[in-house]
Amino acid sequence: STSPQVGSFVDDRLTLNQSLYAGRNLFTRGNWPTSNCAVGSVCECELPMGRNWSYNAANFQSGSDIKVGNSYINPSNGELAYVGAIPGAADRFEDTWAIIVVVLACIGAFLSAIIFLYLLIMYPVRGGTSILGFMLSFAIILLYLAVLAFIAHANRNICGIRRFALGFVYALAYSSLLVKLVDCWRVRGKDEAYPAKYSKLGRPLGLFLVTCFLVLIQVMINAEWLILREPDVERIFYDDKYWPRCTPENFYDEGLVLSLCYVMVLIVAGILIAALSFTTTKNHRESRWIMGILILSVPCWVIWCTVSILGSVRVRDAAVSIGLLVNATIMLLMVPVRKLYLLHKYNVLLEEEEEEEETRSQMTGTSYRDSGSVVGRPYDNRPILHDTGSVRSSNPGRVSEAPMNY
């Protein structure tokens, strides 16, 4: 059978009899007909009398018109894309993997905060590099909390938080570790009983300011990025969803990794300084533990950066959030938890020495308190950088596990 003529194109004018065009209802339902002319390309159409007409295909639907259950032209390839859902900011928290990561991040943040407050109150050493340990503990809490920004779907505010917070929390953590390593390198090769001098920039306030200066460099990088390109969000058709993405959609993940180049420099510098101070036994061989943190961080960074750039859209934010979770946990276990363990051992030894001295005083008939001892003054808040001798240095033959600078 012969198909009816629905219209004509004469003298550059299209005349269409809509009552005969069966495809008009597709537009009202949001189901667009397919075309061999991909969006963004220019196609040549043959017209009567041997003329050609150039047609520039364009994306003619706006984002506000997208509705669930309809099909639309995908601007990236010109194909039909079905929209089964339009994710909101909190929708991804219902996914199984997101629930697991959020629960672990919340547990980690809670434990980090409890340990931070406990050590802040109970840790005996306030001088030296202890300020850096507390800064690191605070950074670990922020690392866990930053996971939530990458679990949530993108919107304008979340995109801004992601771009600023990721570099800031990483810079705060690794700057604290780097300054600690510089202090370990400074006192390398000294005798165990060598009293390290903390003056000028070596004082707690100076160490704090040096660390803040290192973090400020990353803050400037993040601020410049936010100023030059304001955070925004655009949506793409992906996996039967109208998926939200931070702008620029085609370079956002690469830009996020590139904004962390300074943090990568801090990690490499830390590994080099840790290698130079590897033989030092100061502060319970802290340089070796920090070197362990940095070495374990390298493969974690390689994996999450690679997946966030080359992986599918669905797994890119997940890679960043899991990377934050793993790095924060490594730092938590190897610094605050380890210091908590050393503090526990110190308290046990302290109680044992008190009992021994009390027994000795009873045998000799002399009060240990009256003999000028330091019983009743359980902590000496001065920095202790050597780990030989007793807790109170009253029994030189005994090995102490007293906590050093945090």
# chains A, B, ... in the order shown; residues from 1 in each chain; ligands from 1
call {"tool": "residues_around", "arguments": {"residues": "stretch 113-119 of chain A", "least_positions_apart": "5", "cutoff": "7 Å", "atoms": "only C-alpha atoms", "output": "JSON, numbers by chain"}}
result
{"A": [134, 137, 141, 336]}
call {"tool": "select_by_dssp", "arguments": {"residues": "stretch 65-192 of chain A", "states": "helix (DSSP H, G or I)", "output": "PyMOL selection string"}}
result
chain A and resi 65+91-94+96-122+130-151+156-186
call {"tool": "closest_residue", "arguments": {"among": "A:Met331, A:Cys246, A:Ala89, A:Leu266", "to": "A:Ala152", "atoms": "only C-alpha atoms"}}
result
A:Ala89
call {"tool": "atom_distance", "arguments": {"atom1": "atom CA of A:Val335", "atom2": "atom CA of A:Leu216"}}
result
23.5 Å
call {"tool": "residues_around", "arguments": {"residues": "A:Arg245", "least_positions_apart": "6", "cutoff": "8 Å", "atoms": "only C-alpha atoms", "output": "ChimeraX atom specification"}}
result
/A:153-155,233-236
call {"tool": "select_by_dssp", "arguments": {"residues": "stretch 61-110 of chain A", "states": "strand (DSSP E)", "output": "PyMOL selection string"}}
result
chain A and resi 71-73+80-82
call {"tool": "residues_around", "arguments": {"residues": "A:Val210", "least_positions_apart": "5", "cutoff": "9 Å", "atoms": "only C-alpha atoms", "output": "list in words"}}
result
Ser175, Val179, Leu201, Leu205 and Val215 of chain A
call {"tool": "closest_atom_pairs", "arguments": {"of": "stretch 185-265 of chain A", "to": "stretch 307-329 of chain A", "cutoff": "10 Å", "atoms": "only C-alpha atoms", "output": "Markdown table"}}
result
| residue | atom | partner | partner_atom | distance |
| --- | --- | --- | --- | --- |
| A:Tyr238 | CA | A:Val313 | CA | 8.0 |
| A:Asp239 | CA | A:Arg314 | CA | 8.6 |
| A:Trp243 | CA | A:Val313 | CA | 9.0 |
| A:Arg245 | CA | A:Val313 | CA | 9.0 |
| A:Phe251 | CA | A:Ile309 | CA | 8.9 |
| A:Tyr252 | CA | A:Ile309 | CA | 9.0 |
| A:Asp253 | CA | A:Ile309 | CA | 5.6 |
| A:Glu254 | CA | A:Ile309 | CA | 5.8 |
| A:Gly255 | CA | A:Ile309 | CA | 9.4 |
| A:Leu256 | CA | A:Ser308 | CA | 9.2 |
| A:Val257 | CA | A:Ile309 | CA | 8.1 |
call {"tool": "write_last_selection", "arguments": {"atoms": "N, CA and C atoms", "output": "CSV table (one decimal), in the first residue's frame"}}
result
chain,number,residue,atom,x,y,z
A,238,TYR,N,22.6,8.2,32.1
A,238,TYR,CA,23.5,7.1,32.4
A,238,TYR,C,22.7,6.1,33.2
A,239,ASP,N,22.8,4.8,32.7
A,239,ASP,CA,22.3,3.7,33.4
A,239,ASP,C,20.8,3.9,33.8
A,243,TRP,N,21.5,11.3,35.6
A,243,TRP,CA,22.6,11.3,36.7
A,243,TRP,C,23.2,12.7,36.9
A,245,ARG,N,26.1,15.3,37.9
A,245,ARG,CA,27.5,15.3,37.9
A,245,ARG,C,28.0,16.8,38.1
A,251,PHE,N,35.5,16.6,32.7
A,251,PHE,CA,36.9,16.7,33.3
A,251,PHE,C,36.9,16.9,34.8
A,252,TYR,N,35.8,16.7,35.4
A,252,TYR,CA,35.7,17.0,36.9
A,252,TYR,C,36.6,16.0,37.7
A,253,ASP,N,36.5,14.7,37.4
A,253,ASP,CA,37.3,13.7,38.1
A,253,ASP,C,38.8,13.9,37.9
A,254,GLU,N,39.2,14.2,36.7
A,254,GLU,CA,40.6,14.5,36.4
A,254,GLU,C,41.0,15.7,37.2
A,255,GLY,N,40.2,16.8,37.2
A,255,GLY,CA,40.5,18.0,37.9
A,255,GLY,C,40.6,17.8,39.4
A,256,LEU,N,39.8,16.9,39.9
A,256,LEU,CA,39.8,16.6,41.4
A,256,LEU,C,41.2,16.0,41.7
A,257,VAL,N,41.6,15.1,40.9
A,257,VAL,CA,42.9,14.4,41.2
A,257,VAL,C,44.1,15.4,41.0
call {"tool": "residues_around", "arguments": {"residues": "stretch 290-299 of chain A", "least_positions_apart": "3", "cutoff": "12 Å", "atoms": "only C-alpha atoms", "output": "number ranges by chain"}}
result
A: 133, 136, 170, 173-182, 184, 263-279, 283-287, 302-306, 323-336, 338
call {"tool": "closest_residue", "arguments": {"among": "A:Thr280, A:Leu349, A:Leu226, A:Leu132", "to": "A:Ile161", "atoms": "only C-alpha atoms"}}
result
A:Leu226
